[in-house]
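Undergrad: Have a look at the structure that comes next, please.
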Amino acid sequence: MSQLIQKYNIPGPRYTSYPTVPYWDQDTFSGDAWKSTLKKSFDESNEKEGISLYIHLPYCESLCTFCGCHKRITKRHDVEEPYIDTVLKEWKLYCDLLGSKPIVKEMHLGGGTPTFFSPENLQRLINGIFKLALKAPDHEFSFEGHPNNTTKEHLQALYDVGFRRVSYGVQDYNEKVQKAIHRLQPFENVKYVTEAAREIGYTSVSHDLIFGLPHQTLEHVEESILKTKSLRPDRLAFYSYAHVPWLKGNGQRGFKDEDLPSAKAKRKQYEEGKKLLTKVGYEEIGMDHFALKSDSLHQSMVSGKLHRNFMGYTASKTQVMIGLGASSISDSWYSFAQNVKSLEEYRHLVDNDVIPIYRGHILTGEDMIIRKHILNLMCRFKTSWGTDETYFPEISMVKDRLFEMEQDGLVAFGIDELRVTTEGQPFIRNICMAFDVLLHRKEPETRLFSMTI
Ligand SMILES: C[S@@+](CC[C@H](N)C(=O)[O-])C[C@H]1O[C@@H](n2cnc3c(N)ncnc32)[C@H](O)[C@@H]1O
Ligand code: SF4
């Protein structure tokens, strides 16, 4: 396994969308095209399956030096109210465009740190959203909580407006690692917020762990997994540390390159970590994610309903996902659009009644076919191109690109179908890359993606 990881560990997309963001075509995209494709998709799907909402809450009190998320560090909490007002105004712009009340099936509050905001402000945000929308009867609402600042009041306030799932950033429990990433976070804090969520009635608690962090060793990873096991979160993310120091302003230069584990040590952390997670009762769900059998994500995987979008893996699919807040990405199924990243510009545009997008992509027929294969592979580890609908002319080239992986036992071809073997699952990003015709037509000139493993 180690040799295969060494062979296939190259920069590659995480495929939360296809086409991936660097390959969006600005020439065929416009604000009007975004609005009309979104409206069409909404009319087709809202009554049937509802929509998903992602709300980006970008503030954090303190900077973690490993973090690749879009955030603004401040201790001033007077930013909360104006930001929420702007998000609600943006939501109104969308609701006016859509014409009838959206039925919200999935909602996720991400960040930054949603629990930077006070429980009262979070409730005001959610109540404001539902002045203009309806909750689907089987809605799934989740949020990201920081173990250092999530309180029982936060958990209760969000529970009262329909949230039943929470994910906490844990990363690693070792103090030396925590110091290097500027994130001191004792086990007791994680234990407290995990137990508090359960007591209040949350049905799914998730923890994020990372391997490959500065000063992290295999022992640290194993210890963190065992501590995690003692709290029995329903879901777990086991992320590879994405070292993307070329992204502007993400503060990743808070430690030296020499402090990172070697490629070999990182591979070992991944392999042994995965083994240990399985041993302690977690099943692998797609890429980077694990869940207990009782969790809805696991059940969706078994029933074939698992879906992947900009929020990561989700238990069901909606055709429309609207992203609110600075830097958020929306997906109408026929098109993508991203909001401006600067908080000042975001506010300025919304204040002037402009939906604050600055780039996007309208999917072509070919894009839709390839997206289908990539989603099949990411969510079900298999795909087929038996019908005209899923056939595309470059399939023979895809087969050529996968030849070596087939020889290595990572994929198996049937008649008009492809299956990822158990050994091939860690290489899912590489396998999807074989289908990514845009990537092959124009290889990136600069480094755009993190390593695949
Ligand atoms: C927005 S944060 C979670 C909420 C909250 N801000 C916190 O830190 O607890 C989202 C998650 O992304 C993951 N993450 C952030 N930067 C990363 C990186 N460079 N590589 C891998 N995972 C990363 C972390 O696991 C983190 O918990
Ligand atoms: S990891 Fe979380 S708290 Fe830390 S900077 Fe990133 S978003 Fe903020």
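In the structure tokens, chains take letters A, B, ... by order of appearance, with residues numbered from 1 within each chain and ligands from 1 in the order shown.
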Skipping near chain neighbours, those fewer than 3 positions away, what residues fall within 8 Å of region 283-294 of chain A using only C-alpha atoms, listed as a list of chain:residue names?
TA: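 My list of contacting residues is A:Asp234, A:Arg235, A:Leu236, A:Ala237, A:Phe238, A:Tyr239, A:Ser240, A:Leu277, A:Thr278, A:Leu297, A:His298, A:Gln299, A:Met301, A:Tyr313, A:Met378, A:Cys379, A:Arg380, A:Phe381, A:Gln425, A:Pro426, A:Ile428.
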Undergrad: Please extract the residues of region 38-176 of chain A with a backbone DSSP assignment of strand (DSSP E or B) and present them as an NGL selection string.
TA: :A and (51-57 or 59-60 or 72-73 or 103-111 or 134-145 or 163-171)
Undergrad: Report as a PyMOL selection string which protein, DNA and RNA residues come within 10 Å of ligand 1, using only C-alpha atoms and all ligand atoms.
TA: chain A and resi 56-71+109-116+143-150+166-172+183+185+207-213+237-245+250+252+450
Undergrad: Within 12 Å of Gly365 (chain A), counting only C-alpha atoms, which residues show up once you throw out same-chain ones fewer than 2 positions away? Write them as a PDB file with all heavy atoms, in the first residue's frame, please.
TA:
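Saved as around.pdb:
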ATOM      1  N   PRO A  19     -17.496  20.975 -13.207  1.00  0.00           N
ATOM      2  CA  PRO A  19     -16.072  21.270 -13.223  1.00  0.00           C
ATOM      3  C   PRO A  19     -15.598  21.888 -11.899  1.00  0.00           C
ATOM      4  O   PRO A  19     -16.369  22.548 -11.213  1.00  0.00           O
ATOM      5  CB  PRO A  19     -15.941  22.310 -14.354  1.00  0.00           C
ATOM      6  CG  PRO A  19     -17.142  22.168 -15.189  1.00  0.00           C
ATOM      7  CD  PRO A  19     -18.223  21.703 -14.297  1.00  0.00           C
ATOM      8  N   TRP A 333     -27.413  23.034 -10.036  1.00  0.00           N
ATOM      9  CA  TRP A 333     -27.400  21.801 -10.816  1.00  0.00           C
ATOM     10  C   TRP A 333     -27.052  22.091 -12.274  1.00  0.00           C
ATOM     11  O   TRP A 333     -26.332  21.362 -12.902  1.00  0.00           O
ATOM     12  CB  TRP A 333     -28.726  21.050 -10.711  1.00  0.00           C
ATOM     13  CG  TRP A 333     -28.639  19.611 -11.162  1.00  0.00           C
ATOM     14  CD1 TRP A 333     -29.308  19.037 -12.217  1.00  0.00           C
ATOM     15  CD2 TRP A 333     -27.846  18.561 -10.589  1.00  0.00           C
ATOM     16  NE1 TRP A 333     -28.977  17.707 -12.335  1.00  0.00           N
ATOM     17  CE2 TRP A 333     -28.076  17.381 -11.337  1.00  0.00           C
ATOM     18  CE3 TRP A 333     -26.953  18.497  -9.515  1.00  0.00           C
ATOM     19  CZ2 TRP A 333     -27.473  16.164 -11.065  1.00  0.00           C
ATOM     20  CZ3 TRP A 333     -26.338  17.286  -9.225  1.00  0.00           C
ATOM     21  CH2 TRP A 333     -26.610  16.139  -9.996  1.00  0.00           C
ATOM     22  N   TYR A 334     -27.554  23.229 -12.809  1.00  0.00           N
ATOM     23  CA  TYR A 334     -27.213  23.618 -14.182  1.00  0.00           C
ATOM     24  C   TYR A 334     -26.076  24.639 -14.199  1.00  0.00           C
ATOM     25  O   TYR A 334     -25.551  24.969 -15.251  1.00  0.00           O
ATOM     26  CB  TYR A 334     -28.430  24.240 -14.883  1.00  0.00           C
ATOM     27  CG  TYR A 334     -29.615  23.307 -14.926  1.00  0.00           C
ATOM     28  CD1 TYR A 334     -30.780  23.590 -14.216  1.00  0.00           C
ATOM     29  CD2 TYR A 334     -29.566  22.123 -15.665  1.00  0.00           C
ATOM     30  CE1 TYR A 334     -31.863  22.727 -14.249  1.00  0.00           C
ATOM     31  CE2 TYR A 334     -30.640  21.255 -15.697  1.00  0.00           C
ATOM     32  CZ  TYR A 334     -31.783  21.563 -14.983  1.00  0.00           C
ATOM     33  OH  TYR A 334     -32.847  20.691 -15.012  1.00  0.00           O
ATOM     34  N   SER A 335     -25.749  25.177 -13.023  1.00  0.00           N
ATOM     35  CA  SER A 335     -24.742  26.243 -12.965  1.00  0.00           C
ATOM     36  C   SER A 335     -24.199  26.369 -11.541  1.00  0.00           C
ATOM     37  O   SER A 335     -24.823  25.899 -10.583  1.00  0.00           O
ATOM     38  CB  SER A 335     -25.378  27.572 -13.369  1.00  0.00           C
ATOM     39  OG  SER A 335     -26.538  27.815 -12.591  1.00  0.00           O
ATOM     40  N   ILE A 362     -21.651  27.878 -16.213  1.00  0.00           N
ATOM     41  CA  ILE A 362     -22.877  27.246 -16.701  1.00  0.00           C
ATOM     42  C   ILE A 362     -22.468  25.881 -17.242  1.00  0.00           C
ATOM     43  O   ILE A 362     -21.579  25.803 -18.105  1.00  0.00           O
ATOM     44  CB  ILE A 362     -23.523  28.087 -17.837  1.00  0.00           C
ATOM     45  CG1 ILE A 362     -23.722  29.552 -17.402  1.00  0.00           C
ATOM     46  CG2 ILE A 362     -24.833  27.451 -18.302  1.00  0.00           C
ATOM     47  CD1 ILE A 362     -24.713  29.794 -16.297  1.00  0.00           C
ATOM     48  N   LEU A 363     -23.084  24.808 -16.748  1.00  0.00           N
ATOM     49  CA  LEU A 363     -22.634  23.476 -17.155  1.00  0.00           C
ATOM     50  C   LEU A 363     -23.040  23.158 -18.597  1.00  0.00           C
ATOM     51  O   LEU A 363     -24.172  23.433 -19.003  1.00  0.00           O
ATOM     52  CB  LEU A 363     -23.198  22.398 -16.218  1.00  0.00           C
ATOM     53  CG  LEU A 363     -22.382  22.208 -14.940  1.00  0.00           C
ATOM     54  CD1 LEU A 363     -22.876  23.143 -13.854  1.00  0.00           C
ATOM     55  CD2 LEU A 363     -22.442  20.763 -14.457  1.00  0.00           C
ATOM     56  N   ASP A 367     -20.231  18.473 -19.432  1.00  0.00           N
ATOM     57  CA  ASP A 367     -19.964  18.642 -17.985  1.00  0.00           C
ATOM     58  C   ASP A 367     -20.925  17.786 -17.162  1.00  0.00           C
ATOM     59  O   ASP A 367     -20.542  17.165 -16.174  1.00  0.00           O
ATOM     60  CB  ASP A 367     -20.200  20.096 -17.537  1.00  0.00           C
ATOM     61  CG  ASP A 367     -19.195  21.082 -18.116  1.00  0.00           C
ATOM     62  OD1 ASP A 367     -18.123  20.653 -18.537  1.00  0.00           O
ATOM     63  OD2 ASP A 367     -19.524  22.292 -18.135  1.00  0.00           O
ATOM     64  N   MET A 368     -22.211  17.776 -17.588  1.00  0.00           N
ATOM     65  CA  MET A 368     -23.216  17.070 -16.780  1.00  0.00           C
ATOM     66  C   MET A 368     -22.964  15.568 -16.775  1.00  0.00           C
ATOM     67  O   MET A 368     -23.155  14.900 -15.760  1.00  0.00           O
ATOM     68  CB  MET A 368     -24.612  17.366 -17.311  1.00  0.00           C
ATOM     69  CG  MET A 368     -24.986  18.803 -17.029  1.00  0.00           C
ATOM     70  SD  MET A 368     -26.726  19.064 -17.158  1.00  0.00           S
ATOM     71  CE  MET A 368     -26.765  20.832 -17.294  1.00  0.00           C
ATOM     72  N   ILE A 369     -22.539  15.057 -17.936  1.00  0.00           N
ATOM     73  CA  ILE A 369     -22.269  13.613 -18.012  1.00  0.00           C
ATOM     74  C   ILE A 369     -21.069  13.263 -17.122  1.00  0.00           C
ATOM     75  O   ILE A 369     -21.108  12.323 -16.332  1.00  0.00           O
ATOM     76  CB  ILE A 369     -22.009  13.200 -19.481  1.00  0.00           C
ATOM     77  CG1 ILE A 369     -23.310  13.318 -20.270  1.00  0.00           C
ATOM     78  CG2 ILE A 369     -21.454  11.777 -19.559  1.00  0.00           C
ATOM     79  CD1 ILE A 369     -23.148  13.174 -21.757  1.00  0.00           C
ATOM     80  N   ILE A 370     -20.025  14.083 -17.217  1.00  0.00           N
ATOM     81  CA  ILE A 370     -18.825  13.775 -16.422  1.00  0.00           C
ATOM     82  C   ILE A 370     -19.117  13.952 -14.931  1.00  0.00           C
ATOM     83  O   ILE A 370     -18.687  13.152 -14.105  1.00  0.00           O
ATOM     84  CB  ILE A 370     -17.644  14.641 -16.891  1.00  0.00           C
ATOM     85  CG1 ILE A 370     -17.306  14.230 -18.325  1.00  0.00           C
ATOM     86  CG2 ILE A 370     -16.437  14.475 -15.977  1.00  0.00           C
ATOM     87  CD1 ILE A 370     -16.287  15.067 -19.004  1.00  0.00           C
ATOM     88  N   ARG A 371     -19.902  14.986 -14.601  1.00  0.00           N
ATOM     89  CA  ARG A 371     -20.272  15.170 -13.183  1.00  0.00           C
ATOM     90  C   ARG A 371     -20.970  13.925 -12.650  1.00  0.00           C
ATOM     91  O   ARG A 371     -20.731  13.490 -11.523  1.00  0.00           O
ATOM     92  CB  ARG A 371     -21.181  16.380 -13.027  1.00  0.00           C
ATOM     93  CG  ARG A 371     -21.782  16.433 -11.617  1.00  0.00           C
ATOM     94  CD  ARG A 371     -22.705  17.577 -11.402  1.00  0.00           C
ATOM     95  NE  ARG A 371     -23.847  17.542 -12.285  1.00  0.00           N
ATOM     96  CZ  ARG A 371     -24.705  18.539 -12.435  1.00  0.00           C
ATOM     97  NH1 ARG A 371     -24.518  19.655 -11.776  1.00  0.00           N
ATOM     98  NH2 ARG A 371     -25.724  18.448 -13.255  1.00  0.00           N
ATOM     99  N   LYS A 372     -21.829  13.348 -13.484  1.00  0.00           N
ATOM    100  CA  LYS A 372     -22.562  12.157 -13.039  1.00  0.00           C
ATOM    101  C   LYS A 372     -21.590  11.018 -12.695  1.00  0.00           C
ATOM    102  O   LYS A 372     -21.720  10.359 -11.663  1.00  0.00           O
ATOM    103  CB  LYS A 372     -23.529  11.728 -14.153  1.00  0.00           C
ATOM    104  CG  LYS A 372     -24.319  10.509 -13.806  1.00  0.00           C
ATOM    105  CD  LYS A 372     -25.440  10.314 -14.775  1.00  0.00           C
ATOM    106  CE  LYS A 372     -26.112   8.996 -14.459  1.00  0.00           C
ATOM    107  NZ  LYS A 372     -27.421   8.876 -15.022  1.00  0.00           N
ATOM    108  N   GLU A 389     -27.104   8.298 -22.510  1.00  0.00           N
ATOM    109  CA  GLU A 389     -27.110   9.457 -21.627  1.00  0.00           C
ATOM    110  C   GLU A 389     -25.767   9.654 -20.916  1.00  0.00           C
ATOM    111  O   GLU A 389     -25.307  10.765 -20.739  1.00  0.00           O
ATOM    112  CB  GLU A 389     -28.219   9.250 -20.590  1.00  0.00           C
ATOM    113  CG  GLU A 389     -28.476  10.434 -19.718  1.00  0.00           C
ATOM    114  CD  GLU A 389     -29.009  10.001 -18.371  1.00  0.00           C
ATOM    115  OE1 GLU A 389     -29.380   8.809 -18.203  1.00  0.00           O
ATOM    116  OE2 GLU A 389     -29.043  10.846 -17.489  1.00  0.00           O
ATOM    117  N   THR A 390     -25.163   8.568 -20.515  1.00  0.00           N
ATOM    118  CA  THR A 390     -23.944   8.717 -19.735  1.00  0.00           C
ATOM    119  C   THR A 390     -22.676   8.484 -20.561  1.00  0.00           C
ATOM    120  O   THR A 390     -21.580   8.527 -20.041  1.00  0.00           O
ATOM    121  CB  THR A 390     -23.933   7.743 -18.544  1.00  0.00           C
ATOM    122  OG1 THR A 390     -24.180   6.437 -19.043  1.00  0.00           O
ATOM    123  CG2 THR A 390     -24.966   8.121 -17.510  1.00  0.00           C
ATOM    124  N   TYR A 391     -22.861   8.250 -21.880  1.00  0.00           N
ATOM    125  CA  TYR A 391     -21.706   8.012 -22.730  1.00  0.00           C
ATOM    126  C   TYR A 391     -21.078   9.333 -23.134  1.00  0.00           C
ATOM    127  O   TYR A 391     -21.769  10.304 -23.386  1.00  0.00           O
ATOM    128  CB  TYR A 391     -22.151   7.257 -23.991  1.00  0.00           C
ATOM    129  CG  TYR A 391     -21.017   6.967 -24.914  1.00  0.00           C
ATOM    130  CD1 TYR A 391     -20.172   5.892 -24.674  1.00  0.00           C
ATOM    131  CD2 TYR A 391     -20.769   7.787 -26.000  1.00  0.00           C
ATOM    132  CE1 TYR A 391     -19.100   5.641 -25.513  1.00  0.00           C
ATOM    133  CE2 TYR A 391     -19.703   7.549 -26.840  1.00  0.00           C
ATOM    134  CZ  TYR A 391     -18.873   6.480 -26.594  1.00  0.00           C
ATOM    135  OH  TYR A 391     -17.803   6.243 -27.410  1.00  0.00           O
ATOM    136  N   PHE A 392     -19.788   9.387 -23.155  1.00  0.00           N
ATOM    137  CA  PHE A 392     -19.165  10.556 -23.762  1.00  0.00           C
ATOM    138  C   PHE A 392     -17.948  10.084 -24.555  1.00  0.00           C
ATOM    139  O   PHE A 392     -17.325   9.074 -24.214  1.00  0.00           O
ATOM    140  CB  PHE A 392     -18.821  11.633 -22.729  1.00  0.00           C
ATOM    141  CG  PHE A 392     -17.764  11.277 -21.745  1.00  0.00           C
ATOM    142  CD1 PHE A 392     -16.493  11.811 -21.828  1.00  0.00           C
ATOM    143  CD2 PHE A 392     -18.045  10.404 -20.690  1.00  0.00           C
ATOM    144  CE1 PHE A 392     -15.525  11.480 -20.908  1.00  0.00           C
ATOM    145  CE2 PHE A 392     -17.082  10.077 -19.766  1.00  0.00           C
ATOM    146  CZ  PHE A 392     -15.812  10.616 -19.877  1.00  0.00           C
TER     147      PHE A 392
END
Undergrad: Please measure the separation of CA of Leu439 (chain A) and CA of Val398 (chain A), giving the value in Å to one decimal.
TA: 12.2 Å
Undergrad: So which one's closest to ligand 2, A:Lys442, A:Arg72, A:Lys92, A:His108? Using only C-alpha atoms and all ligand atoms, please.
TA: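 Closest to ligand 2 of all the choices is A:Arg72.
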Undergrad: Give the helix (DSSP H, G or I) residues of region 34-247 of chain A, as DSSP finds them on the backbone, and put them as an NGL selection string.
TA: :A and (34-49 or 77-98 or 114-116 or 119-129 or 152-160 or 175-180 or 187-200 or 218-231)
Undergrad: One decimal, in Å: what's the spacing between CA of Leu53 (chain A) and CA of Arg198 (chain A)?
TA: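 About the pair CA of Leu53 (chain A) and CA of Arg198 (chain A): they are 24.2 Å apart.
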Undergrad: Which is closest to ligand 2 among A:Ile129, A:Ile415, A:Leu231, A:Leu184, if we use only C-alpha atoms and all ligand atoms?
TA: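 Among A:Ile129, A:Ile415, A:Leu231, A:Leu184, it is A:Leu184 that comes nearest to ligand 2.
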